[in-house]
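Structure file data09.cif; described as mmCIF, C-alpha atoms.
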data_start
#
loop_
_atom_site.label_atom_id
_atom_site.label_comp_id
_atom_site.auth_asym_id
_atom_site.auth_seq_id
_atom_site.Cartn_x
_atom_site.Cartn_y
_atom_site.Cartn_z
CA MET A 1 1.15 -6.83 23.82
CA ALA A 2 4.14 -4.54 23.37
CA ASP A 3 3.90 -0.91 24.48
CA LEU A 4 3.63 1.28 21.37
CA SER A 5 3.79 4.63 23.18
CA VAL A 6 6.70 6.93 22.33
CA ASN A 7 8.17 10.16 23.61
CA ILE A 8 9.64 12.65 21.17
CA CYS A 9 11.04 15.96 22.42
CA GLY A 10 9.18 15.48 25.67
CA ILE A 11 5.85 14.94 23.89
CA GLU A 12 4.03 11.75 24.82
CA SER A 13 2.30 10.00 21.91
CA PRO A 14 0.11 6.91 22.34
CA ASN A 15 1.85 5.33 19.34
CA PRO A 16 4.34 6.28 16.61
CA PHE A 17 1.67 6.51 13.90
CA TRP A 18 1.17 10.13 12.83
CA LEU A 19 -0.46 11.75 9.84
CA ALA A 20 1.81 13.96 7.74
CA SER A 21 1.00 17.53 6.82
CA ALA A 22 -1.09 16.94 3.69
CA PRO A 23 -4.72 16.82 2.49
CA PRO A 24 -5.71 14.24 5.17
CA THR A 25 -4.94 16.87 7.86
CA ASN A 26 -6.65 19.80 6.17
CA THR A 27 -9.51 20.09 8.69
CA GLY A 28 -10.22 19.44 12.32
CA ASP A 29 -12.92 16.96 11.38
CA GLN A 30 -10.44 14.84 9.44
CA ILE A 31 -7.93 14.80 12.28
CA ALA A 32 -10.64 13.94 14.81
CA ARG A 33 -11.76 10.99 12.69
CA ALA A 34 -8.13 9.89 12.34
CA PHE A 35 -7.66 9.93 16.11
CA GLU A 36 -10.82 7.89 16.51
CA ALA A 37 -9.40 5.37 14.04
CA GLY A 38 -6.22 4.95 16.10
CA TRP A 39 -3.65 7.48 14.86
CA GLY A 40 -1.48 8.79 17.68
CA GLY A 41 -0.69 12.19 16.20
CA ALA A 42 -1.17 14.47 13.23
CA VAL A 43 0.73 17.29 11.60
CA TRP A 44 -1.79 19.94 10.56
CA LYS A 45 -1.73 20.90 6.88
CA THR A 46 0.66 23.83 6.52
CA LEU A 47 -0.66 27.20 7.65
CA GLY A 48 0.76 30.47 6.41
CA VAL A 49 0.30 33.10 3.75
CA ALA A 50 -2.94 33.21 1.76
CA VAL A 51 -2.90 31.02 -1.38
CA GLU A 52 -5.21 29.98 -4.20
CA ASN A 53 -4.90 26.37 -5.29
CA VAL A 54 -5.55 25.28 -8.87
CA TYR A 55 -7.99 22.69 -10.16
CA SER A 56 -6.32 19.41 -11.22
CA ARG A 57 -3.62 18.86 -8.62
CA TYR A 58 -2.49 15.24 -8.69
CA SER A 59 -1.04 12.75 -11.11
CA SER A 60 0.36 9.30 -10.48
CA VAL A 61 2.65 6.57 -11.75
CA ASP A 62 1.20 3.04 -11.88
CA ILE A 63 3.36 -0.08 -12.17
CA ASN A 64 2.05 -3.49 -13.27
CA GLY A 65 -1.43 -2.79 -12.06
CA GLN A 66 -0.43 -1.14 -8.79
CA ARG A 67 -2.23 2.17 -8.66
CA MET A 68 -0.46 5.24 -7.29
CA MET A 69 2.91 3.58 -6.87
CA GLY A 70 4.06 7.20 -7.01
CA LEU A 71 1.90 10.28 -6.51
CA ASN A 72 2.71 13.75 -7.77
CA ASN A 73 0.99 16.87 -6.47
CA ILE A 74 1.04 20.58 -7.28
CA GLU A 75 -1.17 21.52 -4.34
CA LEU A 76 0.04 24.34 -2.12
CA ILE A 77 -0.44 24.92 1.60
CA THR A 78 -3.93 25.25 3.06
CA ASP A 79 -6.30 27.61 1.27
CA ARG A 80 -8.57 27.75 4.32
CA SER A 81 -8.43 30.81 6.55
CA LEU A 82 -5.98 30.93 9.41
CA GLU A 83 -8.80 31.87 11.77
CA ASP A 84 -10.82 28.75 10.94
CA ASN A 85 -7.79 26.53 11.38
CA LEU A 86 -6.90 28.03 14.75
CA VAL A 87 -10.43 27.42 16.05
CA GLU A 88 -10.31 23.80 14.87
CA ILE A 89 -6.85 23.18 16.39
CA GLN A 90 -8.23 24.33 19.73
CA GLU A 91 -11.30 22.11 19.40
CA VAL A 92 -9.27 19.03 18.45
CA LYS A 93 -6.86 19.45 21.38
CA LYS A 94 -9.77 19.91 23.75
CA ARG A 95 -11.41 16.68 22.54
CA TYR A 96 -8.20 14.66 22.25
CA PRO A 97 -5.76 15.93 24.90
CA ASP A 98 -3.74 12.69 24.85
CA HIS A 99 -3.10 12.81 21.10
CA VAL A 100 -0.36 14.86 19.47
CA VAL A 101 -1.16 17.89 17.32
CA VAL A 102 1.83 19.37 15.52
CA VAL A 103 1.13 22.41 13.33
CA SER A 104 3.08 22.88 10.10
CA LEU A 105 3.97 26.48 9.28
CA MET A 106 5.33 28.39 6.31
CA VAL A 107 5.54 32.19 6.13
CA ASP A 108 7.78 34.86 4.65
CA SER A 109 11.41 34.85 5.69
CA ASN A 110 11.37 37.48 8.39
CA PRO A 111 11.39 36.95 12.14
CA ASP A 112 8.28 39.02 12.83
CA ALA A 113 6.10 36.90 10.53
CA TRP A 114 7.29 33.73 12.24
CA ASP A 115 6.83 35.21 15.70
CA VAL A 116 3.21 36.19 15.05
CA ILE A 117 2.02 32.86 13.65
CA ILE A 118 3.95 30.76 16.17
CA LYS A 119 2.28 32.58 19.04
CA GLN A 120 -1.12 32.10 17.40
CA VAL A 121 -0.82 28.32 17.00
CA GLU A 122 0.68 27.92 20.47
CA GLN A 123 -2.28 29.78 21.94
CA ALA A 124 -4.57 27.41 20.04
CA GLY A 125 -2.93 24.48 21.81
CA ALA A 126 -0.35 23.06 19.38
CA ASP A 127 1.96 20.52 21.03
CA ALA A 128 4.76 21.42 18.60
CA ILE A 129 5.37 23.23 15.37
CA GLU A 130 6.90 21.91 12.17
CA LEU A 131 8.75 24.34 9.92
CA ASN A 132 7.96 23.42 6.32
CA PHE A 133 11.33 23.84 4.60
CA GLY A 134 10.56 21.16 2.03
CA CYS A 135 7.71 22.02 -0.35
CA PRO A 136 9.35 21.92 -3.82
CA HIS A 137 6.65 23.65 -5.90
CA GLY A 138 4.73 26.89 -5.87
CA MET A 139 5.82 28.07 -2.45
CA SER A 140 9.50 27.64 -3.30
CA GLU A 141 8.98 30.06 -6.18
CA ARG A 142 7.96 32.61 -3.55
CA GLY A 143 11.14 32.13 -1.51
CA MET A 144 9.67 29.64 0.96
CA GLY A 145 9.61 25.84 1.35
CA ALA A 146 12.49 24.15 -0.45
CA ALA A 147 13.99 27.55 -1.30
CA VAL A 148 14.81 27.75 2.41
CA GLY A 149 15.61 24.08 2.94
CA GLN A 150 18.15 24.00 0.12
CA VAL A 151 20.29 26.73 1.69
CA PRO A 152 21.82 25.67 5.03
CA GLU A 153 22.30 29.26 6.19
CA TYR A 154 18.59 30.02 5.66
CA THR A 155 17.60 26.81 7.41
CA CYS A 156 19.76 27.67 10.41
CA ASP A 157 18.66 31.30 10.63
CA ILE A 158 14.90 30.73 10.33
CA THR A 159 15.02 27.80 12.72
CA GLY A 160 16.72 30.17 15.15
CA TRP A 161 13.94 32.74 14.71
CA ALA A 162 11.33 30.07 15.39
CA LYS A 163 13.14 28.81 18.48
CA ALA A 164 13.37 32.36 19.80
CA SER A 165 9.58 32.68 19.59
CA ALA A 166 8.39 29.17 20.41
CA THR A 167 7.82 27.63 23.80
CA VAL A 168 6.91 24.24 22.31
CA PRO A 169 9.30 21.89 20.43
CA VAL A 170 10.31 22.91 16.91
CA PHE A 171 10.50 20.25 14.19
CA VAL A 172 12.19 21.10 10.88
CA LYS A 173 10.83 19.33 7.81
CA LEU A 174 13.70 18.72 5.39
CA THR A 175 13.68 18.74 1.62
CA PRO A 176 15.13 15.72 -0.22
CA ASN A 177 15.94 17.97 -3.19
CA ILE A 178 19.48 18.43 -1.97
CA THR A 179 22.82 16.70 -2.48
CA ASP A 180 23.55 15.77 1.14
CA ILE A 181 20.70 15.59 3.65
CA THR A 182 23.10 15.66 6.59
CA VAL A 183 24.09 19.23 5.68
CA ALA A 184 20.48 20.35 6.05
CA ALA A 185 20.03 18.36 9.27
CA ARG A 186 23.17 19.89 10.76
CA ALA A 187 21.95 23.36 9.81
CA ALA A 188 18.62 22.70 11.51
CA LYS A 189 20.38 21.49 14.64
CA ASN A 190 22.69 24.51 14.63
CA GLY A 191 19.57 26.67 14.54
CA GLY A 192 18.26 24.91 17.63
CA ALA A 193 15.80 22.42 16.11
CA ASP A 194 14.39 19.93 18.58
CA ALA A 195 13.73 17.31 15.86
CA VAL A 196 13.65 16.83 12.10
CA SER A 197 10.97 15.41 9.84
CA LEU A 198 11.86 13.85 6.51
CA ILE A 199 11.44 13.52 3.70
CA ASN A 200 9.26 16.08 2.03
CA THR A 201 8.32 15.47 -1.60
CA ILE A 202 10.74 15.10 -4.52
CA ASN A 203 10.63 17.41 -7.51
CA SER A 204 8.98 15.56 -10.37
CA ILE A 205 7.02 15.36 -13.58
CA THR A 206 5.21 12.05 -13.67
CA GLY A 207 4.46 11.89 -17.38
CA VAL A 208 3.14 13.60 -20.48
CA ASP A 209 -0.22 13.29 -22.24
CA LEU A 210 0.85 11.94 -25.65
CA ASP A 211 -2.15 13.49 -27.41
CA SER A 212 -2.10 17.02 -25.98
CA PHE A 213 1.66 16.99 -25.21
CA VAL A 214 0.92 18.56 -21.81
CA PRO A 215 2.59 17.00 -18.76
CA ARG A 216 0.32 15.76 -15.99
CA PRO A 217 -1.51 17.04 -14.00
CA VAL A 218 -3.10 19.28 -16.63
CA VAL A 219 -4.25 22.77 -15.72
CA GLY A 220 -5.89 24.18 -18.84
CA ASP A 221 -3.21 23.65 -21.46
CA MET A 222 -0.21 23.82 -19.11
CA SER A 223 1.34 21.99 -16.19
CA SER A 224 4.05 22.44 -13.58
CA HIS A 225 6.62 20.38 -11.73
CA GLY A 226 5.28 18.96 -8.48
CA GLY A 227 6.16 16.97 -5.39
CA TYR A 228 6.56 13.19 -5.70
CA CYS A 229 5.60 10.86 -2.85
CA GLY A 230 4.15 7.40 -2.22
CA PRO A 231 5.77 3.93 -2.19
CA ALA A 232 8.27 4.92 -4.89
CA VAL A 233 10.11 7.35 -2.62
CA LYS A 234 10.51 5.07 0.40
CA PRO A 235 14.04 3.83 -0.47
CA ILE A 236 15.25 7.42 -0.86
CA ALA A 237 13.67 8.40 2.45
CA LEU A 238 15.11 5.43 4.33
CA ASN A 239 18.60 6.27 3.12
CA MET A 240 18.27 9.88 4.27
CA VAL A 241 16.84 8.92 7.65
CA ALA A 242 19.73 6.48 8.17
CA ALA A 243 22.28 9.11 7.17
CA ILE A 244 21.05 11.54 9.82
CA ALA A 245 20.80 8.85 12.49
CA ALA A 246 24.39 7.75 11.77
CA ASP A 247 25.93 11.23 11.57
CA PRO A 248 27.82 11.87 14.85
CA PHE A 249 26.66 15.49 14.80
CA THR A 250 22.94 14.66 14.48
CA GLU A 251 22.71 11.14 15.90
CA ASP A 252 20.90 12.47 18.99
CA LEU A 253 18.41 14.52 16.93
CA PRO A 254 14.94 12.89 17.09
CA ILE A 255 13.52 11.93 13.70
CA SER A 256 9.97 11.72 12.40
CA GLY A 257 10.22 9.56 9.27
CA ILE A 258 8.13 10.23 6.17
CA GLY A 259 7.91 8.66 2.72
CA GLY A 260 6.03 5.73 1.20
CA ILE A 261 4.73 4.31 4.48
CA GLY A 262 1.58 2.21 4.28
CA LEU A 263 2.25 -1.07 6.08
CA TRP A 264 3.48 -2.01 9.53
CA GLN A 265 6.63 -3.37 7.93
CA ASP A 266 7.39 0.11 6.58
CA VAL A 267 6.95 1.54 10.06
CA ALA A 268 9.32 -1.04 11.55
CA GLU A 269 11.99 -0.25 8.94
CA TYR A 270 11.86 3.47 9.66
CA ILE A 271 12.12 2.88 13.39
CA LEU A 272 15.01 0.45 12.91
CA LEU A 273 16.86 3.17 11.02
CA GLY A 274 16.36 5.75 13.75
CA SER A 275 12.86 7.24 13.55
CA THR A 276 10.87 7.80 16.73
CA THR A 277 7.58 8.53 14.96
CA ILE A 278 6.47 8.09 11.36
CA GLN A 279 4.14 10.21 9.23
CA VAL A 280 1.74 8.96 6.57
CA ALA A 281 -0.11 10.82 3.82
CA THR A 282 -0.30 9.07 0.44
CA ALA A 283 -1.45 5.71 1.79
CA VAL A 284 -4.29 7.42 3.67
CA MET A 285 -5.22 9.34 0.53
CA HIS A 286 -5.41 5.98 -1.22
CA TYR A 287 -7.00 3.70 1.37
CA GLY A 288 -8.33 5.88 4.20
CA PHE A 289 -7.64 6.30 7.91
CA ARG A 290 -8.37 2.69 8.91
CA ILE A 291 -5.06 1.40 7.57
CA VAL A 292 -3.70 2.30 11.00
CA GLU A 293 -5.53 -0.70 12.46
CA ASP A 294 -3.26 -3.09 10.56
CA MET A 295 -0.25 -1.01 11.57
CA HIS A 296 -1.19 -1.40 15.24
CA GLU A 297 -1.72 -5.15 15.02
CA GLY A 298 1.23 -5.86 12.76
CA LEU A 299 3.80 -3.85 14.70
CA SER A 300 2.56 -5.24 18.03
CA ASN A 301 2.79 -8.82 16.82
CA TYR A 302 6.23 -8.21 15.35
CA LEU A 303 7.56 -6.78 18.60
CA ASP A 304 6.07 -9.72 20.51
CA SER A 305 7.79 -12.14 18.15
CA LYS A 306 11.11 -10.42 18.85
CA GLY A 307 10.56 -10.51 22.60
CA MET A 308 10.44 -6.74 22.84
CA ALA A 309 8.21 -5.11 25.44
CA SER A 310 8.30 -1.66 23.84
CA VAL A 311 8.64 -0.13 20.40
CA ASN A 312 11.47 1.95 21.83
CA GLU A 313 13.62 -1.20 22.00
CA LEU A 314 13.49 -1.41 18.20
CA ARG A 315 14.69 2.09 17.50
CA GLY A 316 18.02 2.41 15.72
CA LEU A 317 18.99 -1.25 15.70
CA SER A 318 19.82 -1.11 11.98
CA VAL A 319 21.76 2.16 12.00
CA ASN A 320 25.13 0.49 12.61
CA LYS A 321 24.33 -2.08 9.91
CA VAL A 322 24.82 0.59 7.25
CA THR A 323 28.41 1.36 6.32
CA ASP A 324 30.52 2.73 3.49
CA TRP A 325 31.11 0.40 0.54
CA GLN A 326 34.82 0.12 1.23
CA SER A 327 34.03 -1.35 4.66
CA LEU A 328 32.05 -4.29 3.25
CA ASP A 329 33.49 -7.81 3.30
CA ILE A 330 34.77 -8.59 -0.18
CA ASN A 331 35.39 -12.20 0.88
CA TYR A 332 31.68 -12.79 1.49
CA ILE A 333 30.48 -15.10 -1.29
CA ILE A 334 26.93 -16.10 -2.22
CA LYS A 335 25.72 -18.03 -5.24
CA ALA A 336 22.29 -18.55 -6.74
CA GLU A 337 20.60 -21.94 -6.43
CA ILE A 338 17.47 -22.94 -8.37
CA ASP A 339 14.83 -25.26 -6.93
CA GLN A 340 13.90 -27.17 -10.07
CA ASP A 341 10.71 -28.48 -8.45
CA LYS A 342 9.43 -24.94 -8.08
CA CYS A 343 10.69 -23.67 -11.44
CA ILE A 344 7.92 -22.92 -13.95
CA ASN A 345 10.39 -22.82 -16.86
CA CYS A 346 9.59 -19.25 -17.83
CA GLY A 347 13.23 -18.50 -18.67
CA LEU A 348 13.03 -14.99 -17.24
CA CYS A 349 16.08 -15.46 -15.01
CA TYR A 350 18.11 -16.62 -18.01
CA ILE A 351 17.10 -13.62 -20.11
CA ALA A 352 17.80 -11.17 -17.29
CA CYS A 353 21.19 -12.68 -16.51
CA PHE A 354 22.25 -13.19 -20.13
CA ASP A 355 21.29 -9.72 -21.37
CA GLY A 356 21.47 -7.65 -18.22
CA ALA A 357 23.98 -9.19 -15.85
CA HIS A 358 26.83 -11.73 -15.89
CA GLN A 359 25.81 -14.58 -18.24
CA ALA A 360 25.85 -17.06 -15.36
CA ILE A 361 22.69 -19.04 -16.22
CA SER A 362 22.43 -21.66 -18.92
CA ALA A 363 19.20 -22.57 -20.70
CA GLU A 364 18.28 -25.74 -22.58
CA ARG A 365 15.08 -26.51 -24.43
CA SER A 366 13.74 -29.95 -23.48
CA ALA A 367 11.71 -32.32 -25.65
CA ASP A 368 8.45 -31.08 -24.14
CA GLY A 369 9.25 -27.52 -25.19
CA LYS A 370 10.08 -26.25 -21.71
CA THR A 371 13.19 -24.27 -20.90
CA LYS A 372 15.40 -25.73 -18.21
CA VAL A 373 17.74 -23.24 -16.56
CA ALA A 374 20.79 -23.89 -14.41
CA ILE A 375 23.34 -21.76 -12.58
CA ILE A 376 26.88 -21.70 -14.00
CA GLU A 377 28.68 -21.78 -10.66
CA ASP A 378 32.01 -20.36 -11.84
CA LEU A 379 30.36 -17.32 -13.46
CA CYS A 380 27.82 -16.48 -10.77
CA VAL A 381 28.77 -13.30 -8.89
CA GLY A 382 25.85 -13.46 -6.47
CA CYS A 383 24.30 -10.22 -7.74
CA ASN A 384 20.74 -11.35 -6.79
CA LEU A 385 19.16 -10.30 -10.11
CA CYS A 386 17.82 -13.75 -10.97
CA SER A 387 16.13 -14.11 -7.59
CA LEU A 388 14.62 -10.63 -7.93
CA VAL A 389 13.04 -11.22 -11.34
CA CYS A 390 11.87 -14.78 -10.61
CA PRO A 391 8.05 -14.80 -10.35
CA VAL A 392 7.97 -17.82 -8.02
CA GLN A 393 8.60 -17.20 -4.34
CA GLY A 394 11.52 -19.28 -3.04
CA CYS A 395 12.42 -20.79 -6.41
CA ILE A 396 15.82 -19.07 -6.55
CA GLU A 397 17.73 -18.68 -3.30
CA MET A 398 21.04 -16.94 -2.68
CA VAL A 399 23.22 -19.30 -0.64
CA GLU A 400 26.45 -18.40 1.12
CA ARG A 401 29.59 -20.32 0.20
CA ASP A 402 32.22 -21.00 2.84
CA HIS A 403 35.64 -20.72 1.25
CA GLY A 404 37.57 -20.42 4.48
CA GLN A 405 38.53 -16.82 3.76
CA THR A 406 38.69 -14.28 6.58
CA HIS A 407 36.77 -11.01 6.58
CA MET A 408 38.47 -8.44 4.37
CA THR A 409 37.46 -4.92 3.37
CA TRP A 410 38.50 -3.10 0.24
CA ASN A 411 40.70 -0.80 2.28
CA GLU A 412 42.50 -3.82 3.71
CA TYR A 413 42.83 -5.38 0.27
CA VAL A 414 44.57 -2.37 -1.25
CA SER A 415 46.82 -1.76 1.76
CA ASP A 416 50.51 -2.53 1.62
CA ASP A 417 50.20 -5.61 3.79
CA LYS A 418 47.49 -7.32 1.75
CA PRO A 419 47.85 -11.09 1.31
CA ALA A 420 49.41 -12.47 -1.82
CA GLU A 421 46.17 -14.06 -2.96
CA LEU A 422 42.49 -13.32 -2.57
CA TYR A 423 39.77 -15.82 -3.28
CA PRO A 424 39.70 -15.88 -7.11
CA ARG A 425 36.87 -13.93 -8.69
CA PRO A 426 34.61 -15.35 -11.41
CA LYS A 427 35.61 -14.63 -14.97
CA HIS A 428 33.01 -12.39 -16.56
CA GLY A 429 31.42 -12.98 -19.94
CA ILE A 430 31.10 -15.99 -22.21
CA THR A 431 32.09 -16.79 -25.74
CA ILE A 432 29.67 -15.35 -28.30
CA GLY A 433 27.27 -18.05 -29.36
CA GLN A 434 27.54 -19.99 -26.11
CA ALA A 435 24.18 -20.55 -24.39
#
If you convert what's in this file into C-alpha cells, what do you get?
Amino acid sequence: MADLSVNICGIESPNPFWLASAPPTNTGDQIARAFEAGWGGAVWKTLGVAVENVYSRYSSVDINGQRMMGLNNIELITDRSLEDNLVEIQEVKKRYPDHVVVVSLMVDSNPDAWDVIIKQVEQAGADAIELNFGCPHGMSERGMGAAVGQVPEYTCDITGWAKASATVPVFVKLTPNITDITVAARAAKNGGADAVSLINTINSITGVDLDSFVPRPVVGDMSSHGGYCGPAVKPIALNMVAAIAADPFTEDLPISGIGGIGLWQDVAEYILLGSTTIQVATAVMHYGFRIVEDMHEGLSNYLDSKGMASVNELRGLSVNKVTDWQSLDINYIIKAEIDQDKCINCGLCYIACFDGAHQAISAERSADGKTKVAIIEDLCVGCNLCSLVCPVQGCIEMVERDHGQTHMTWNEYVSDDKPAELYPRPKHGITIGQA
C-alpha cells in the first residue's frame, strides 16, 4: 500500500488526516479517541481569552434530503479553562508521541499576550501553533479572529510577534471573508509564517424561522451571523487553496486545507491542489471519528491505482491545470450526446436548456405519452447543463468534436495577427414558438 505519511514544516505526521480546531477537538479525551480511530493529527480547539458561549449554537442548510449540506455556528473559542487544556495537551502528547498536536490560539492584539500563551502551550508539548485569524463571529467583534485576518498589516504584525516567541512552527489560519486570499497569505508569509491553514468559516445566516421571524440559530428571541462550513463551502476552499499554491510568492508555503472534507476523494482533491495535510470538522460532527477509516482505505487504493508509492507524489499535480480564462482554448469544442436507451423521458434536460440555457434540445411527445428529447447540434454550446441535471448516470455525455482547429486563446484571438476566420460559433436562440 502507498505510504500516507507526510512532513509539514519539519513535523512528521503518520497521514494527512487531521482534525480541525472545532468542537471535535475540545477535549483531550476526544483527541485521544480520534488518534485511536486513525487520525494523524489534530488542531486543538482555540485557546485564549475567557468566553461564555450561548445555548443554541448551530443551524444548517439541507438540500434534497441531504442533512447538513451546510452548517452554521455561532460558537466561540473554548469555554474550558486554559489550565485544564494545558494539562490535557501534555497528557495527549505523552500517550501519542507520534501523532501531531497543533494548538489553535487567539488572544488580544499585543505581543505580550501572545508571548505568554505561546510559551504555555509549547511547554505543554504542542508540535505547532495555529493563529486563528479567521473566526468571523463573536471574537471578531472583540478585535480578534477575522478582524485581524481581514487586514494584511495586522496579519503580518501579529504573525511576526508569534514567530518571535515561538520555537515550534507557526501556522496562520486564514479567513475566506476577504476579496483576495493571496493578499492574506502573502501577509502571513511576510510575517514569517511557516504554513497557512484555510479556509475558516464564511459569514452567514442560514435562514429565518417564518413563524417567529428570528433567523437561525435562535437565542431567546434574537440571533446573530455565524460561520458557515460543511460540504457547501468546499468549492470556495479549493479555489483559495489553488490560488495560494499557484501564487509565485507563496507557492512554497505549506498548506493545510480545510472546508467540506468528508470523503477520500475530497482529500485527494485538496492534495492535488497543493495541500500537504487536510483538516476535518463538520463531517466528524455529523458522522463521528470513524470516517477516517474510509479515508485511509480510499486514498491508499487510489494511489495504488495511479502507481504512486507515496501521497507526496500526488501533491500539487493539479495546480498548473488552473489558469486564467483568457488562457483557455476557445477552439475546444464539445457537444452533448443522449443515450436514448438510458433516457427515462423525464424531459428535465429539455426544460433546463430551453428555459435556462441555449435552447439546444428539442422535445417531441410520442404516441405513448413519453417525451423524446434530442440535441440540436448547431445550437449546442457544450455548456454541460443538460448532463448536470440529468438524473440518469451516463445518459448524457459531453463528447469532443474534432474540427481540425489549432489551440487558440482569447488573447491570441484578439491580437493583431489573428486568423481571418475562427471556427463558426453556434447561433443562439430560436424562433418563438419553435420546440
Given the PyMOL selection byres ((chain A and resi 394-411) around 7) and the file above, list the residues it selects as a ChimeraX atom specification.
/A:326-331,333-339,342-343,384,387,392-393,412-415
Selection: 12 Å around A:Ala126, all atoms listed in the file, excl. self and same-chain fewer than 6 positions, as a VMD selection string:
chain A and resid 11 41 to 44 85 to 94 96 to 97 99 to 105 117 to 120 166 to 170
Kindly give the distance, in Å, that separates atom CA of A:Ser109 and atom CA of A:Val148, rounded to a single decimal.
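Atom CA of A:Ser109 sits 8.5 Å away from atom CA of A:Val148.
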Give me, as an MDAnalysis selection string, all polymer residues having an atom no more than 12 Å from A:Asp180, counting only C-alpha atoms and skipping those fewer than 6 positions away in the same chain.
chainID A and resid 149:152 174 186:187 236 239:241 243:244 247
Selection from above, C-alpha atoms, as a tab-separated table (two decimals), in the frame of the given file, can you write it?
chain	number	residue	atom	x	y	z
A	149	GLY	CA	15.61	24.08	2.94
A	150	GLN	CA	18.15	24.00	0.12
A	151	VAL	CA	20.29	26.73	1.69
A	152	PRO	CA	21.82	25.67	5.03
A	174	LEU	CA	13.70	18.72	5.39
A	186	ARG	CA	23.17	19.89	10.76
A	187	ALA	CA	21.95	23.36	9.81
A	236	ILE	CA	15.25	7.42	-0.86
A	239	ASN	CA	18.60	6.27	3.12
A	240	MET	CA	18.27	9.88	4.27
A	241	VAL	CA	16.84	8.92	7.65
A	243	ALA	CA	22.28	9.11	7.17
A	244	ILE	CA	21.05	11.54	9.82
A	247	ASP	CA	25.93	11.23	11.57
Residues near A:Thr277, anyone? I mean within 7 Å using only C-alpha atoms, not counting same-chain ones fewer than 3 positions away, as a PyMOL selection string.
chain A and resi 16-18+255-257
If the PyMOL selection byres ((chain A and resi 381) around 7) is run on the structure shown, which residues does it catch, given as a CSV table (one decimal) with C-alpha atoms, in the frame of the given file?
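Produced file expr_7.csv, reproduced below:
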chain,number,residue,atom,x,y,z
A,335,LYS,CA,25.7,-18.0,-5.2
A,379,LEU,CA,30.4,-17.3,-13.5
A,380,CYS,CA,27.8,-16.5,-10.8
A,382,GLY,CA,25.8,-13.5,-6.5
A,383,CYS,CA,24.3,-10.2,-7.7
A,426,PRO,CA,34.6,-15.4,-11.4
Evaluate the PyMOL selection byres ((chain A and resi 137) around 10) and record the selected residues as a list in words, following the chain and residue labels used in the document.
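Taken over the shown coordinates, the PyMOL selection byres ((chain A and resi 137) around 10) returns Asn73, Ile74, Glu75, Leu76, Gly134, Cys135, Pro136, Gly138, Met139, Ser140, Glu141, Arg142, Met144, Gly145, Ala146, Ala147, Thr201, Ile202, Asn203, Ser204, Ser224, His225, Gly226 and Gly227 of chain A.
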Which residues, written as a PyMOL selection string, have at least one atom at most 10 Å from A:Glu153, with all atoms listed in the file counted and residues fewer than 5 positions away on the same chain left out?
chain A and resi 148+158-159+184+187-188+190-191
Give the answer as one residue: which of A:Ile181, A:Cys9, A:Ile376, A:Ala32 has the shortest atom-to-atom distance to A:His358, using all atoms listed in the file?
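Distance minimum relative to A:His358 lands on A:Ile376.
Nearest to A:Asn53 of all the residues A:Lys189, A:His296, A:Arg80, A:Lys321 is A:Arg80, counting only C-alpha atoms.
All residues of protein, DNA or RNA that reach within 9 Å of A:Ile344, judged by only C-alpha atoms and not counting those fewer than 4 positions away in the chain, are Gln340, Lys370, Thr371, Pro391 and Val392 of chain A.
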Please determine, counting all atoms listed in the file, which residue among A:Glu313, A:Asp294, A:Asp211, A:Asp194 has the shortest atom-to-atom distance to A:Ile8.
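Comparing A:Glu313, A:Asp294, A:Asp211, A:Asp194 against A:Ile8, the winner is A:Asp194.
Take the candidates A:Phe171, A:Glu251, A:Ala193, A:Ile129 and check each one against A:Asp157 using all atoms listed in the file; the shortest distance goes to A:Ala193.
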Would you mind telling me which residue in A:Asp108, A:Asp79, A:Asp98, A:Asp304 lies nearest to A:Gly143 when using only C-alpha atoms?
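Smallest separation from A:Gly143 among the options: A:Asp108.
Checking A:Gly347, A:Gly65, A:Pro176, A:Gly10 one by one against A:Asp127, counting all atoms listed in the file, you find the shortest gap at A:Gly10.
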What separation in Å, quoted to one decimal, exists between atom CA of A:Val54 and atom CA of A:Met222?
11.6 Å
Report, in Å to a single decimal, how far apart atom CA of A:Asn64 and atom CA of A:Gly230 are.
15.7 Å
Will you give me stretch 77-86 of chain A, written with N, CA and C atoms and laid out as a PDB file, in the first residue's frame?
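Generated output (out05.pdb):
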ATOM      1  N   ILE A  77     -14.587  30.411  20.870  1.00  0.00           N
ATOM      2  CA  ILE A  77     -13.462  29.549  21.207  1.00  0.00           C
ATOM      3  C   ILE A  77     -13.808  28.757  22.470  1.00  0.00           C
ATOM      4  N   THR A  78     -12.881  27.915  22.931  1.00  0.00           N
ATOM      5  CA  THR A  78     -13.182  27.065  24.070  1.00  0.00           C
ATOM      6  C   THR A  78     -13.625  27.871  25.294  1.00  0.00           C
ATOM      7  N   ASP A  79     -14.613  27.325  25.996  1.00  0.00           N
ATOM      8  CA  ASP A  79     -15.027  27.941  27.257  1.00  0.00           C
ATOM      9  C   ASP A  79     -14.505  27.140  28.452  1.00  0.00           C
ATOM     10  N   ARG A  80     -13.595  26.204  28.175  1.00  0.00           N
ATOM     11  CA  ARG A  80     -12.934  25.456  29.240  1.00  0.00           C
ATOM     12  C   ARG A  80     -11.671  26.206  29.674  1.00  0.00           C
ATOM     13  N   SER A  81     -11.254  26.004  30.896  1.00  0.00           N
ATOM     14  CA  SER A  81     -10.125  26.776  31.422  1.00  0.00           C
ATOM     15  C   SER A  81      -8.836  26.448  30.688  1.00  0.00           C
ATOM     16  N   LEU A  82      -7.977  27.439  30.596  1.00  0.00           N
ATOM     17  CA  LEU A  82      -6.681  27.243  29.957  1.00  0.00           C
ATOM     18  C   LEU A  82      -5.883  26.179  30.694  1.00  0.00           C
ATOM     19  N   GLU A  83      -5.966  26.192  32.017  1.00  0.00           N
ATOM     20  CA  GLU A  83      -5.212  25.237  32.831  1.00  0.00           C
ATOM     21  C   GLU A  83      -5.603  23.801  32.503  1.00  0.00           C
ATOM     22  N   ASP A  84      -6.895  23.524  32.399  1.00  0.00           N
ATOM     23  CA  ASP A  84      -7.360  22.178  32.075  1.00  0.00           C
ATOM     24  C   ASP A  84      -6.866  21.750  30.692  1.00  0.00           C
ATOM     25  N   ASN A  85      -6.930  22.667  29.752  1.00  0.00           N
ATOM     26  CA  ASN A  85      -6.489  22.338  28.396  1.00  0.00           C
ATOM     27  C   ASN A  85      -4.995  22.047  28.348  1.00  0.00           C
ATOM     28  N   LEU A  86      -4.198  22.816  29.067  1.00  0.00           N
ATOM     29  CA  LEU A  86      -2.761  22.595  29.056  1.00  0.00           C
ATOM     30  C   LEU A  86      -2.400  21.231  29.640  1.00  0.00           C
TER      31      LEU A  86
END
